[in-house]
2 protein chains.
Amino acid sequence: MIADMDQEMKILSREILLSLWKIHILHHAGEGPVVGMWMLKELRGHGYDLSPGTLYPLLQRMERNGWLRSEADPSRGPRSIKKYYLTPKGREVLEFLRERVKTLWEEMG
Amino acid sequence: MIADMDQEMKILSREILLSLWKIHILHHAGEGPVVGMWMLKELRGHGYDLSPGTLYPLLQRMERNGWLRSEADPSRGPRSIKKYYLTPKGREVLEFLRERVKTLWEEMG
DNA sequence: GTTTTCGATTATGATTGCCGATATGGACCA
DNA sequence: TGGTCCATATCGGCAATCATAATCGAAAAC
């Protein structure tokens, strides 16, 4: 395996893994609601601890790009739980990414 | 397909695609020498135009991380062509990434 | 019924990465 | 000697990442 996992993993995460998780998030949002904190926990469960300061802006950016839309109960204040869903445009992006991942995977075979 | 391809693609590239190309570069370096300019051309051939200001620092970073090592003919001055090769540590990283890509691909079915 | 804890998002400040453009430099040719 | 390739290096501005702290409503505990 990879030695000095912690420091190595941090470098690898920032350099590459985070983007794979972004794809995972899009995929996930296509199958059910995505909630920031739930994702943080899920990824932690997979041994990957993402900072909230990375994840939340990322979700906001994806919404701004039109890949996700969010629903929040406004009666629960400005920090209510927010559920993110994949938009049609997000689905196109995901389909495009799916092809890329397929190509990459076949190449690495 | 994706509308307003140029702007959309720039966003998508920065957000996600670049990391997939990084994996591609590592894989490539495992099969033969990688040279910055050659990569720029190859990727341009695939419709992805990466900035030299992105690629060259990226290769340097991968070398600094111990994933790649470079060979340059010193008699050809400081801007000689540099050939990058995958190191054993880089091979471990690549193998790790291969598993991640596999998982992601299977998940996306 | 007040105080604590919990689930969740948002804000902040430092560091790092990305990008377009420009600079540098050797080799080959005329 | 000058020009054109082939290549890498670097710069300044902007955007993303990170660890951490702040905020907020609801539920639990006392």
# chains A, B, ... in the order shown; residues from 1 in each chain; ligands from 1
call {"tool": "residues_around", "arguments": {"residues": "B:Met108", "least_positions_apart": "3", "cutoff": "9 Å", "atoms": "only C-alpha atoms (C1' of nucleotides)", "output": "compact mmCIF listing (two decimals) with all heavy atoms, in the first residue's frame"}}
result
# COMPACT_ATOMS: atom_id res chain seq x y z
N HIS A 24 -18.95 11.15 -7.85
CA HIS A 24 -19.78 10.32 -6.97
C HIS A 24 -20.99 11.12 -6.45
O HIS A 24 -22.11 10.62 -6.42
CB HIS A 24 -18.93 9.82 -5.80
CG HIS A 24 -19.69 9.10 -4.74
ND1 HIS A 24 -20.11 7.80 -4.88
CD2 HIS A 24 -20.13 9.50 -3.51
CE1 HIS A 24 -20.78 7.43 -3.79
NE2 HIS A 24 -20.80 8.43 -2.94
N HIS A 27 -23.52 11.57 -9.19
CA HIS A 27 -24.22 10.30 -9.39
C HIS A 27 -25.25 10.06 -8.28
O HIS A 27 -26.40 9.71 -8.54
CB HIS A 27 -23.21 9.16 -9.42
CG HIS A 27 -23.82 7.81 -9.45
ND1 HIS A 27 -24.48 7.31 -10.57
CD2 HIS A 27 -23.94 6.85 -8.51
CE1 HIS A 27 -24.95 6.10 -10.30
NE2 HIS A 27 -24.63 5.80 -9.06
N ARG A 98 -19.55 10.08 -17.41
CA ARG A 98 -19.62 8.62 -17.44
C ARG A 98 -18.79 8.08 -18.62
O ARG A 98 -18.04 7.12 -18.48
CB ARG A 98 -21.07 8.18 -17.58
CG ARG A 98 -21.31 6.73 -17.26
CD ARG A 98 -22.79 6.39 -17.34
NE ARG A 98 -22.97 4.99 -17.69
CZ ARG A 98 -22.86 4.52 -18.93
NH1 ARG A 98 -22.61 5.31 -19.93
NH2 ARG A 98 -23.01 3.23 -19.16
N THR B 103 -14.16 1.24 -8.96
CA THR B 103 -15.33 1.35 -8.10
C THR B 103 -16.32 2.37 -8.65
O THR B 103 -17.53 2.11 -8.74
CB THR B 103 -14.91 1.79 -6.68
OG1 THR B 103 -13.99 0.84 -6.17
CG2 THR B 103 -16.11 1.91 -5.76
N LEU B 104 -15.79 3.50 -9.04
CA LEU B 104 -16.65 4.56 -9.57
C LEU B 104 -17.36 4.10 -10.83
O LEU B 104 -18.57 4.31 -11.00
CB LEU B 104 -15.80 5.80 -9.86
CG LEU B 104 -16.55 7.03 -10.36
CD1 LEU B 104 -17.59 7.47 -9.35
CD2 LEU B 104 -15.58 8.16 -10.66
N TRP B 105 -16.62 3.44 -11.68
CA TRP B 105 -17.20 2.99 -12.95
C TRP B 105 -18.31 1.96 -12.70
O TRP B 105 -19.39 2.03 -13.29
CB TRP B 105 -16.10 2.43 -13.86
CG TRP B 105 -16.65 1.73 -15.05
CD1 TRP B 105 -16.46 0.43 -15.40
CD2 TRP B 105 -17.51 2.28 -16.06
NE1 TRP B 105 -17.13 0.14 -16.55
CE2 TRP B 105 -17.80 1.25 -16.98
CE3 TRP B 105 -18.08 3.53 -16.27
CZ2 TRP B 105 -18.62 1.43 -18.08
CZ3 TRP B 105 -18.90 3.72 -17.37
CH2 TRP B 105 -19.16 2.69 -18.27
call {"tool": "interface_residues", "arguments": {"of": "chain A", "to": "chain D", "cutoff": "12 Å", "atoms": "only C-alpha atoms (C1' of nucleotides)", "output": "NGL selection string"}}
result
:A and (10-11 or 13-15 or 18-19 or 49-58 or 61 or 73-81)
call {"tool": "calpha_fit_and_write", "arguments": {"fixed": "chain B", "moving": "chain A", "output": "mmCIF file with C-alpha atoms, in the first residue's frame"}}
result
data_model
loop_
_atom_site.group_PDB
_atom_site.id
_atom_site.type_symbol
_atom_site.label_atom_id
_atom_site.label_comp_id
_atom_site.auth_asym_id
_atom_site.auth_seq_id
_atom_site.Cartn_x
_atom_site.Cartn_y
_atom_site.Cartn_z
ATOM 1 C CA MET A 1 -24.765 17.248 -25.702
ATOM 2 C CA ILE A 2 -23.737 20.088 -23.518
ATOM 3 C CA ALA A 3 -24.799 23.540 -24.637
ATOM 4 C CA ASP A 4 -22.373 26.473 -24.748
ATOM 5 C CA MET A 5 -19.568 23.938 -24.855
ATOM 6 C CA ASP A 6 -16.739 26.367 -24.458
ATOM 7 C CA GLN A 7 -17.685 28.066 -21.249
ATOM 8 C CA GLU A 8 -19.318 24.969 -19.804
ATOM 9 C CA MET A 9 -16.303 22.891 -20.656
ATOM 10 C CA LYS A 10 -13.962 25.319 -18.977
ATOM 11 C CA ILE A 11 -15.911 25.065 -15.776
ATOM 12 C CA LEU A 12 -16.176 21.292 -16.000
ATOM 13 C CA SER A 13 -12.513 20.958 -16.856
ATOM 14 C CA ARG A 14 -11.367 22.899 -13.880
ATOM 15 C CA GLU A 15 -13.844 21.270 -11.571
ATOM 16 C CA ILE A 16 -13.358 17.654 -12.601
ATOM 17 C CA LEU A 17 -11.818 16.738 -15.959
ATOM 18 C CA LEU A 18 -8.319 17.913 -15.150
ATOM 19 C CA SER A 19 -8.030 15.259 -12.469
ATOM 20 C CA LEU A 20 -9.017 12.577 -14.948
ATOM 21 C CA TRP A 21 -6.249 13.764 -17.216
ATOM 22 C CA LYS A 22 -3.834 13.589 -14.317
ATOM 23 C CA ILE A 23 -4.676 9.921 -13.956
ATOM 24 C CA HIS A 24 -4.206 9.538 -17.689
ATOM 25 C CA ILE A 25 -0.786 11.147 -17.415
ATOM 26 C CA LEU A 26 0.292 8.793 -14.645
ATOM 27 C CA HIS A 27 -0.918 5.835 -16.642
ATOM 28 C CA HIS A 28 0.857 7.099 -19.708
ATOM 29 C CA ALA A 29 4.083 7.610 -17.767
ATOM 30 C CA GLY A 30 3.926 3.968 -16.806
ATOM 31 C CA GLU A 31 4.031 2.919 -20.424
ATOM 32 C CA GLY A 32 6.586 5.297 -21.877
ATOM 33 C CA PRO A 33 8.127 8.701 -21.387
ATOM 34 C CA VAL A 34 5.825 11.651 -20.890
ATOM 35 C CA VAL A 35 6.872 15.027 -22.254
ATOM 36 C CA GLY A 36 4.979 18.204 -21.408
ATOM 37 C CA MET A 37 4.525 19.537 -24.879
ATOM 38 C CA TRP A 38 3.596 16.151 -26.287
ATOM 39 C CA MET A 39 0.865 15.902 -23.689
ATOM 40 C CA LEU A 40 -0.413 19.357 -24.516
ATOM 41 C CA LYS A 41 -0.736 18.280 -28.123
ATOM 42 C CA GLU A 42 -2.293 14.951 -27.321
ATOM 43 C CA LEU A 43 -4.905 16.516 -25.106
ATOM 44 C CA ARG A 44 -5.591 19.199 -27.672
ATOM 45 C CA GLY A 45 -6.197 16.384 -30.110
ATOM 46 C CA HIS A 46 -8.848 15.101 -27.736
ATOM 47 C CA GLY A 47 -10.520 18.498 -27.739
ATOM 48 C CA TYR A 48 -9.154 19.545 -24.401
ATOM 49 C CA ASP A 49 -6.795 22.451 -24.365
ATOM 50 C CA LEU A 50 -4.822 22.607 -21.216
ATOM 51 C CA SER A 51 -2.714 25.632 -20.431
ATOM 52 C CA PRO A 52 1.049 25.152 -20.164
ATOM 53 C CA GLY A 53 0.783 27.160 -16.984
ATOM 54 C CA THR A 54 -1.287 24.322 -15.616
ATOM 55 C CA LEU A 55 0.535 21.336 -17.034
ATOM 56 C CA TYR A 56 4.156 22.124 -16.295
ATOM 57 C CA PRO A 57 3.712 22.939 -12.619
ATOM 58 C CA LEU A 58 1.587 19.821 -12.370
ATOM 59 C CA LEU A 59 4.384 17.628 -13.693
ATOM 60 C CA GLN A 60 6.862 19.308 -11.363
ATOM 61 C CA ARG A 61 4.523 18.666 -8.464
ATOM 62 C CA MET A 62 4.182 15.014 -9.368
ATOM 63 C CA GLU A 63 7.937 14.731 -9.443
ATOM 64 C CA ARG A 64 8.197 16.491 -6.094
ATOM 65 C CA ASN A 65 5.677 13.996 -4.716
ATOM 66 C CA GLY A 66 7.843 11.159 -5.927
ATOM 67 C CA TRP A 67 5.303 9.861 -8.410
ATOM 68 C CA LEU A 68 7.413 10.732 -11.430
ATOM 69 C CA ARG A 69 11.106 11.186 -12.085
ATOM 70 C CA SER A 70 12.492 13.206 -14.939
ATOM 71 C CA GLU A 71 15.428 12.929 -17.265
ATOM 72 C CA ALA A 72 16.829 15.866 -19.193
ATOM 73 C CA ASP A 73 19.988 16.215 -21.247
ATOM 74 C CA PRO A 74 21.950 18.798 -19.252
ATOM 75 C CA SER A 75 24.068 19.751 -22.250
ATOM 76 C CA ARG A 76 20.952 21.214 -23.797
ATOM 77 C CA GLY A 77 20.500 24.015 -21.345
ATOM 78 C CA PRO A 78 17.891 24.800 -18.737
ATOM 79 C CA ARG A 79 14.967 24.395 -21.112
ATOM 80 C CA SER A 80 15.871 21.055 -22.526
ATOM 81 C CA ILE A 81 13.121 18.566 -23.207
ATOM 82 C CA LYS A 82 12.287 16.618 -20.037
ATOM 83 C CA LYS A 83 11.091 13.061 -20.088
ATOM 84 C CA TYR A 84 9.042 11.924 -17.153
ATOM 85 C CA TYR A 85 8.761 8.306 -15.989
ATOM 86 C CA LEU A 86 6.589 6.647 -13.389
ATOM 87 C CA THR A 87 8.422 5.712 -10.183
ATOM 88 C CA PRO A 88 7.621 2.701 -8.004
ATOM 89 C CA LYS A 89 5.779 5.006 -5.653
ATOM 90 C CA GLY A 90 3.919 6.434 -8.604
ATOM 91 C CA ARG A 91 2.956 2.919 -9.550
ATOM 92 C CA GLU A 92 1.436 2.398 -6.112
ATOM 93 C CA VAL A 93 -0.506 5.602 -6.454
ATOM 94 C CA LEU A 94 -1.688 4.579 -9.892
ATOM 95 C CA GLU A 95 -2.776 1.170 -8.650
ATOM 96 C CA PHE A 96 -4.704 2.827 -5.846
ATOM 97 C CA LEU A 97 -6.364 5.161 -8.327
ATOM 98 C CA ARG A 98 -7.175 2.243 -10.572
ATOM 99 C CA GLU A 99 -9.247 0.722 -7.786
ATOM 100 C CA ARG A 100 -11.020 4.002 -7.213
ATOM 101 C CA VAL A 101 -11.838 4.412 -10.872
ATOM 102 C CA LYS A 102 -13.047 0.829 -11.004
ATOM 103 C CA THR A 103 -15.373 1.392 -8.074
ATOM 104 C CA LEU A 104 -16.670 4.597 -9.554
ATOM 105 C CA TRP A 105 -17.215 3.029 -12.936
ATOM 106 C CA GLU A 106 -19.095 0.068 -11.487
ATOM 107 C CA GLU A 107 -21.192 2.410 -9.441
ATOM 108 C CA MET A 108 -22.096 4.464 -12.516
ATOM 109 C CA GLY A 109 -22.608 1.315 -14.577
#
call {"tool": "select_by_dssp", "arguments": {"residues": "chain A", "states": "helix (DSSP H, G or I)", "output": "ChimeraX atom specification"}}
result
/A:5-29,36-45,52-64,74-76,88-108
call {"tool": "closest_atom_pairs", "arguments": {"of": "chain C", "to": "chain A", "cutoff": "8 Å", "atoms": "only C-alpha atoms (C1' of nucleotides)", "output": "Markdown table"}}
result
| residue | atom | partner | partner_atom | distance |
| --- | --- | --- | --- | --- |
| C:DA8 | C1' | A:Ile81 | CA | 5.9 |
| C:DT9 | C1' | A:Arg79 | CA | 4.8 |
| C:DT10 | C1' | A:Arg79 | CA | 7.6 |
